[in-house]
2 protein chains.
Amino acid sequence: MTHRTNSSNDWRDPSGRRLADYPRPSLAVDTALLTLQAHADSWRLTVLQVRLDPARGRASWALPGTFVHPGETMADAVGRSLRTKAGVTGQSPSQLHVFDRPDRDPRGWVVSVAHVDVARWDQIQPMRDPRRTRLIDVARPGRLPYDHADIVARAVTQIRDEYTRTPDPRRLLPEPFTMRQLRLVHRAVADVPLQADTFRRQMLPHLVEAPGDTRGQRGRPAQLYQRATDSA
Amino acid sequence: MTHRTNSSNDWRDPSGRRLADYPRPSLAVDTALLTLQAHADSWRLTVLQVRLDPARGRASWALPGTFVHPGETMADAVGRSLRTKAGVTGQSPSQLHVFDRPDRDPRGWVVSVAHVDVARWDQIQPMRDPRRTRLIDVARPGRLPYDHADIVARAVTQIRDEYTRTPDPRRLLPEPFTMRQLRLVHRAVADVPLQADTFRRQMLPHLVEAPGDTRGQRGRPAQLYQRATDSA
DNA sequence: CAAATAGTGTCTGTAAGACACTATCCC
DNA sequence: GGGATAGTGTCTTACAGACACTATTTG
């Protein structure tokens, strides 16, 4: 909607009514925060869930979400919900889909914008309260209320798609990193084996060599890399 | 946001307030309806714009949009705005992006969900009122208010992306069609020359032959095709 | 016949996928 | 040396892009 008007909240439409006189929905955000969890010598891809109102009978889990407050962007609200409900900070989720069935929430007219991001759990774990948060494998996210199972499925598809094009676009790895570290991260996201030589040749055009010494591990020392500027 | 509650609008939060007691944004939809316009013996890709409030001085144009009403989905609102503002029916736009800067609309807190679809103008033209609607080349959409220039750019990118994968996914062509008709439509969307032989070999796996006679045109008659079920 | 469009044969370059091999470290 | 990891050479297959050619119609 786009009528240009004088800049004041006294704006009135042709029938003399102000914007605030019309019914409006509540605006919510829900976030699928996919997390890489260390598991044996690789990673597992899970999704962060938070406990709903523990007073209400048996455990019930959902994606973290909140209503958007006035003066706030959806990104602000996502950050706030992750911080207050799961102790997670520093994420920058992106929009995934808007859920707007008028009857989707029994509390009334609530439109929810689903968001997605990825993080390594070992970088955000210190703030976790295990009684209020849990990490569930993305393949079996459990019973989730509302559209949350749908959100998880879309989130996984979205992130897998991003990770087929470019090296670690969500910056799970700090630079510089070795090709092996990059491959293990991509392996966890994609959930299919990635052959080392093919993967290397796909990624090399989007990487530049970085200085540094990787001796001290088993095997031949590896070259360090950074993301090339063309791959963000 | 996702607390499971009893299904009634009397729901109250821990401080005893109802949903309706919290401030809510107005929810709007805006639609970039890209249109293929016959032009010489090919097509031009344009975007539909509608005139804003003609009483307000010199002409000003914008993408069609409206506020979402209670009980309505965003898809409903998009259909209503296209019908009442441009006389266009039968489209099924898809979500593109949510614009939510708190200060983006001088009338107050307005969150807008941008949508996109494509149509052939010769199929919707009969209802057009030329004083209230116009079609502008997508490369130079003119001065547009709010985020509308951004919406057009995203819409074009989105549609071009869809049309690189599959034959006419938005069903601009009625079945059956010839390879030439398909190529001209894709050519207009992509805005780059498409070589006939390469295009054919890319599309054939997603098409099945259809019966019918195409004699009566210039040159050798062409095979008719339908979309294969795997390319919806 | 010419003009026009439809469709195929084929060459070249590139890249994915796979396997084998070499390279360089730690123990 | 043996084990482990890093990295390269190279073969096969596939396919995009391009050009040339054949095929079938109208006028």
# chains A, B, ... in the order shown; residues from 1 in each chain; ligands from 1
>>> interface_residues(of="chain D", to="chain A", cutoff="8 Å", atoms="only C-alpha atoms (C1' of nucleotides)", output="list in words")
DA4, DT5 and DA6 of chain D
>>> interface_residues(of="chain C", to="chain A", cutoff="7 Å", atoms="only C-alpha atoms (C1' of nucleotides)", output="list in words")
DT24, DC25 and DC26 of chain C
>>> write_last_selection(atoms="N, CA and C atoms (P, O5', C5', C4', C3', O3' and C1' of nucleotides)", output="short mmCIF file (atom, residue, chain, number, x, y, z; two decimals), in the first residue's frame")
data_model
loop_
_atom_site.label_atom_id
_atom_site.label_comp_id
_atom_site.auth_asym_id
_atom_site.auth_seq_id
_atom_site.Cartn_x
_atom_site.Cartn_y
_atom_site.Cartn_z
P DT C 24 56.48 -32.13 -0.82
"O5'" DT C 24 55.96 -32.27 0.67
"C5'" DT C 24 54.84 -31.51 1.07
"C4'" DT C 24 54.44 -31.90 2.47
"C3'" DT C 24 55.61 -31.97 3.47
"O3'" DT C 24 55.22 -31.28 4.64
"C1'" DT C 24 54.30 -33.91 3.58
P DC C 25 56.34 -30.56 5.53
"O5'" DC C 25 56.21 -31.33 6.94
"C5'" DC C 25 55.35 -30.81 7.90
"C4'" DC C 25 54.37 -31.88 8.38
"C3'" DC C 25 54.79 -32.64 9.62
"O3'" DC C 25 54.52 -31.86 10.77
"C1'" DC C 25 53.60 -34.02 8.07
P DC C 26 55.20 -32.15 12.16
"O5'" DC C 26 54.43 -33.47 12.64
"C5'" DC C 26 53.06 -33.39 12.98
"C4'" DC C 26 52.60 -34.70 13.59
"C3'" DC C 26 53.45 -35.14 14.80
"O3'" DC C 26 52.59 -35.63 15.82
"C1'" DC C 26 53.51 -36.81 13.11
#
>>> select_by_dssp(residues="stretch 104-224 of chain A", states="strand (DSSP E)", output="list of chain:residue names")
A:Val110, A:Val111, A:Ser112, A:Val113, A:Ala114, A:His115, A:Val116, A:Asp117, A:Val118, A:Ala119, A:Arg120, A:Thr133, A:Arg134, A:Leu135, A:Ile136, A:Asp137, A:Phe177, A:Thr178, A:Leu207, A:Val208, A:Glu209, A:Ala210, A:Leu224
>>> residues_around(residues="A:Ala119", least_positions_apart="6", cutoff="12 Å", atoms="only C-alpha atoms (C1' of nucleotides)", output="PyMOL selection string")
chain A and resi 32-38+43-48+88-93+125+159+168-174+185+189
>>> residues_around(residues="D:DC21", least_positions_apart="6", cutoff="12 Å", atoms="only C-alpha atoms (C1' of nucleotides)", output="ChimeraX atom specification")
/C:7-10
>>> closest_residue(among="A:Glu72, A:Asp105, A:Arg51, A:Trp61", to="A:Ser26", atoms="only C-alpha atoms")
A:Asp105
>>> closest_residue(among="A:Asp53, A:Asp103, A:Asp161, A:Asp41", to="B:Pro70", atoms="only C-alpha atoms")
A:Asp103
>>> decode(residues="stretch 16-138 of chain A", atoms="C-alpha atoms", output="PDB file, in the first residue's frame")
ATOM      1  CA  GLY A  16     -12.038  10.428   7.148  1.00  0.00           C
ATOM      2  CA  ARG A  17     -10.767   7.526   9.178  1.00  0.00           C
ATOM      3  CA  ARG A  18      -7.273   7.220  10.550  1.00  0.00           C
ATOM      4  CA  LEU A  19      -5.052   4.201   9.969  1.00  0.00           C
ATOM      5  CA  ALA A  20      -5.424   3.201  13.578  1.00  0.00           C
ATOM      6  CA  ASP A  21      -9.195   2.935  13.167  1.00  0.00           C
ATOM      7  CA  TYR A  22      -8.858  -0.144  10.983  1.00  0.00           C
ATOM      8  CA  PRO A  23      -8.417  -3.631  12.429  1.00  0.00           C
ATOM      9  CA  ARG A  24      -4.831  -4.806  12.406  1.00  0.00           C
ATOM     10  CA  PRO A  25      -3.191  -8.187  12.967  1.00  0.00           C
ATOM     11  CA  SER A  26      -0.631  -9.008  15.587  1.00  0.00           C
ATOM     12  CA  LEU A  27       2.764  -9.440  13.947  1.00  0.00           C
ATOM     13  CA  ALA A  28       4.991 -12.229  15.188  1.00  0.00           C
ATOM     14  CA  VAL A  29       8.335 -13.695  14.203  1.00  0.00           C
ATOM     15  CA  ASP A  30       9.458 -17.303  14.598  1.00  0.00           C
ATOM     16  CA  THR A  31      13.004 -18.444  13.992  1.00  0.00           C
ATOM     17  CA  ALA A  32      14.442 -21.769  12.929  1.00  0.00           C
ATOM     18  CA  LEU A  33      17.962 -21.506  14.302  1.00  0.00           C
ATOM     19  CA  LEU A  34      19.796 -24.459  12.801  1.00  0.00           C
ATOM     20  CA  THR A  35      22.819 -25.445  14.848  1.00  0.00           C
ATOM     21  CA  LEU A  36      25.883 -27.518  14.126  1.00  0.00           C
ATOM     22  CA  GLN A  37      26.658 -29.686  17.098  1.00  0.00           C
ATOM     23  CA  ALA A  38      30.032 -31.442  17.502  1.00  0.00           C
ATOM     24  CA  HIS A  39      29.421 -35.188  17.148  1.00  0.00           C
ATOM     25  CA  ALA A  40      32.268 -37.710  16.986  1.00  0.00           C
ATOM     26  CA  ASP A  41      34.750 -36.068  14.595  1.00  0.00           C
ATOM     27  CA  SER A  42      32.116 -34.316  12.502  1.00  0.00           C
ATOM     28  CA  TRP A  43      28.947 -32.265  13.012  1.00  0.00           C
ATOM     29  CA  ARG A  44      25.233 -32.884  13.411  1.00  0.00           C
ATOM     30  CA  LEU A  45      22.613 -30.459  12.074  1.00  0.00           C
ATOM     31  CA  THR A  46      19.923 -29.735  14.640  1.00  0.00           C
ATOM     32  CA  VAL A  47      17.281 -27.101  15.277  1.00  0.00           C
ATOM     33  CA  LEU A  48      16.960 -25.020  18.442  1.00  0.00           C
ATOM     34  CA  GLN A  49      13.689 -25.356  20.338  1.00  0.00           C
ATOM     35  CA  VAL A  50      12.507 -23.645  23.510  1.00  0.00           C
ATOM     36  CA  ARG A  51      10.088 -24.872  26.167  1.00  0.00           C
ATOM     37  CA  LEU A  52       6.632 -23.364  26.246  1.00  0.00           C
ATOM     38  CA  ASP A  53       5.175 -22.130  29.515  1.00  0.00           C
ATOM     39  CA  PRO A  54       6.305 -24.952  31.839  1.00  0.00           C
ATOM     40  CA  ALA A  55       3.277 -24.386  34.084  1.00  0.00           C
ATOM     41  CA  ARG A  56       1.026 -25.819  31.400  1.00  0.00           C
ATOM     42  CA  GLY A  57       1.243 -29.576  32.029  1.00  0.00           C
ATOM     43  CA  ARG A  58       3.670 -31.798  30.166  1.00  0.00           C
ATOM     44  CA  ALA A  59       6.593 -30.505  28.191  1.00  0.00           C
ATOM     45  CA  SER A  60       5.871 -28.764  24.960  1.00  0.00           C
ATOM     46  CA  TRP A  61       8.491 -27.320  22.663  1.00  0.00           C
ATOM     47  CA  ALA A  62       8.453 -24.802  19.853  1.00  0.00           C
ATOM     48  CA  LEU A  63      10.680 -22.556  17.781  1.00  0.00           C
ATOM     49  CA  PRO A  64      11.607 -19.334  19.588  1.00  0.00           C
ATOM     50  CA  GLY A  65       9.343 -16.476  18.604  1.00  0.00           C
ATOM     51  CA  THR A  66       7.811 -13.269  19.838  1.00  0.00           C
ATOM     52  CA  PHE A  67       5.539 -10.440  18.854  1.00  0.00           C
ATOM     53  CA  VAL A  68       7.085  -7.479  17.096  1.00  0.00           C
ATOM     54  CA  HIS A  69       6.976  -4.354  19.246  1.00  0.00           C
ATOM     55  CA  PRO A  70       6.326  -0.825  17.959  1.00  0.00           C
ATOM     56  CA  GLY A  71       9.449   0.935  16.740  1.00  0.00           C
ATOM     57  CA  GLU A  72      11.134  -2.415  16.254  1.00  0.00           C
ATOM     58  CA  THR A  73      12.049  -4.219  13.036  1.00  0.00           C
ATOM     59  CA  MET A  74      11.375  -7.913  12.620  1.00  0.00           C
ATOM     60  CA  ALA A  75      15.135  -8.451  12.789  1.00  0.00           C
ATOM     61  CA  ASP A  76      15.150  -6.723  16.184  1.00  0.00           C
ATOM     62  CA  ALA A  77      12.345  -8.949  17.399  1.00  0.00           C
ATOM     63  CA  VAL A  78      14.131 -12.076  16.203  1.00  0.00           C
ATOM     64  CA  GLY A  79      17.273 -11.037  18.048  1.00  0.00           C
ATOM     65  CA  ARG A  80      15.287 -10.285  21.186  1.00  0.00           C
ATOM     66  CA  SER A  81      13.458 -13.616  21.150  1.00  0.00           C
ATOM     67  CA  LEU A  82      16.681 -15.567  20.656  1.00  0.00           C
ATOM     68  CA  ARG A  83      18.356 -13.651  23.454  1.00  0.00           C
ATOM     69  CA  THR A  84      15.587 -13.819  26.038  1.00  0.00           C
ATOM     70  CA  LYS A  85      14.348 -17.325  25.251  1.00  0.00           C
ATOM     71  CA  ALA A  86      17.575 -19.132  24.453  1.00  0.00           C
ATOM     72  CA  GLY A  87      20.422 -16.858  25.518  1.00  0.00           C
ATOM     73  CA  VAL A  88      21.690 -16.681  21.957  1.00  0.00           C
ATOM     74  CA  THR A  89      23.127 -13.480  20.512  1.00  0.00           C
ATOM     75  CA  GLY A  90      24.899 -12.362  17.382  1.00  0.00           C
ATOM     76  CA  GLN A  91      22.709 -14.006  14.764  1.00  0.00           C
ATOM     77  CA  SER A  92      21.287 -12.279  11.689  1.00  0.00           C
ATOM     78  CA  PRO A  93      18.438 -14.461  10.456  1.00  0.00           C
ATOM     79  CA  SER A  94      16.869 -13.881   7.076  1.00  0.00           C
ATOM     80  CA  GLN A  95      13.220 -13.994   6.074  1.00  0.00           C
ATOM     81  CA  LEU A  96      11.836 -17.327   4.991  1.00  0.00           C
ATOM     82  CA  HIS A  97       8.062 -17.144   4.596  1.00  0.00           C
ATOM     83  CA  VAL A  98       4.990 -15.389   5.935  1.00  0.00           C
ATOM     84  CA  PHE A  99       2.253 -17.510   7.507  1.00  0.00           C
ATOM     85  CA  ASP A 100      -1.061 -15.727   7.442  1.00  0.00           C
ATOM     86  CA  ARG A 101      -4.006 -18.117   7.608  1.00  0.00           C
ATOM     87  CA  PRO A 102      -6.522 -16.082   9.604  1.00  0.00           C
ATOM     88  CA  ASP A 103      -7.334 -19.075  11.835  1.00  0.00           C
ATOM     89  CA  ARG A 104      -3.801 -20.317  12.410  1.00  0.00           C
ATOM     90  CA  ASP A 105      -3.630 -18.980  15.967  1.00  0.00           C
ATOM     91  CA  PRO A 106      -6.463 -19.526  18.459  1.00  0.00           C
ATOM     92  CA  ARG A 107      -5.591 -16.269  20.212  1.00  0.00           C
ATOM     93  CA  GLY A 108      -6.765 -14.263  17.243  1.00  0.00           C
ATOM     94  CA  TRP A 109      -5.410 -12.698  14.071  1.00  0.00           C
ATOM     95  CA  VAL A 110      -1.683 -13.363  14.213  1.00  0.00           C
ATOM     96  CA  VAL A 111       0.561 -13.159  11.164  1.00  0.00           C
ATOM     97  CA  SER A 112       3.953 -14.740  11.641  1.00  0.00           C
ATOM     98  CA  VAL A 113       7.110 -14.189   9.604  1.00  0.00           C
ATOM     99  CA  ALA A 114       9.400 -17.208   9.731  1.00  0.00           C
ATOM    100  CA  HIS A 115      13.152 -16.597   9.809  1.00  0.00           C
ATOM    101  CA  VAL A 116      16.196 -18.817   9.445  1.00  0.00           C
ATOM    102  CA  ASP A 117      19.842 -18.777  10.435  1.00  0.00           C
ATOM    103  CA  VAL A 118      22.660 -21.223  11.207  1.00  0.00           C
ATOM    104  CA  ALA A 119      25.173 -21.233  14.030  1.00  0.00           C
ATOM    105  CA  ARG A 120      27.694 -23.485  15.702  1.00  0.00           C
ATOM    106  CA  TRP A 121      26.425 -24.538  19.089  1.00  0.00           C
ATOM    107  CA  ASP A 122      29.901 -24.505  20.614  1.00  0.00           C
ATOM    108  CA  GLN A 123      29.983 -20.763  20.008  1.00  0.00           C
ATOM    109  CA  ILE A 124      26.677 -19.959  21.699  1.00  0.00           C
ATOM    110  CA  GLN A 125      26.408 -22.805  24.225  1.00  0.00           C
ATOM    111  CA  PRO A 126      27.785 -20.923  27.269  1.00  0.00           C
ATOM    112  CA  MET A 127      24.488 -19.103  27.670  1.00  0.00           C
ATOM    113  CA  ARG A 128      22.233 -22.104  27.366  1.00  0.00           C
ATOM    114  CA  ASP A 129      19.790 -23.179  30.054  1.00  0.00           C
ATOM    115  CA  PRO A 130      19.217 -26.887  29.351  1.00  0.00           C
ATOM    116  CA  ARG A 131      15.814 -26.896  31.039  1.00  0.00           C
ATOM    117  CA  ARG A 132      14.415 -24.314  28.647  1.00  0.00           C
ATOM    118  CA  THR A 133      16.166 -25.161  25.370  1.00  0.00           C
ATOM    119  CA  ARG A 134      16.946 -28.284  23.392  1.00  0.00           C
ATOM    120  CA  LEU A 135      18.479 -29.259  20.046  1.00  0.00           C
ATOM    121  CA  ILE A 136      16.682 -31.779  17.887  1.00  0.00           C
ATOM    122  CA  ASP A 137      17.899 -33.417  14.685  1.00  0.00           C
ATOM    123  CA  VAL A 138      16.392 -31.577  11.727  1.00  0.00           C
TER     124      VAL A 138
END
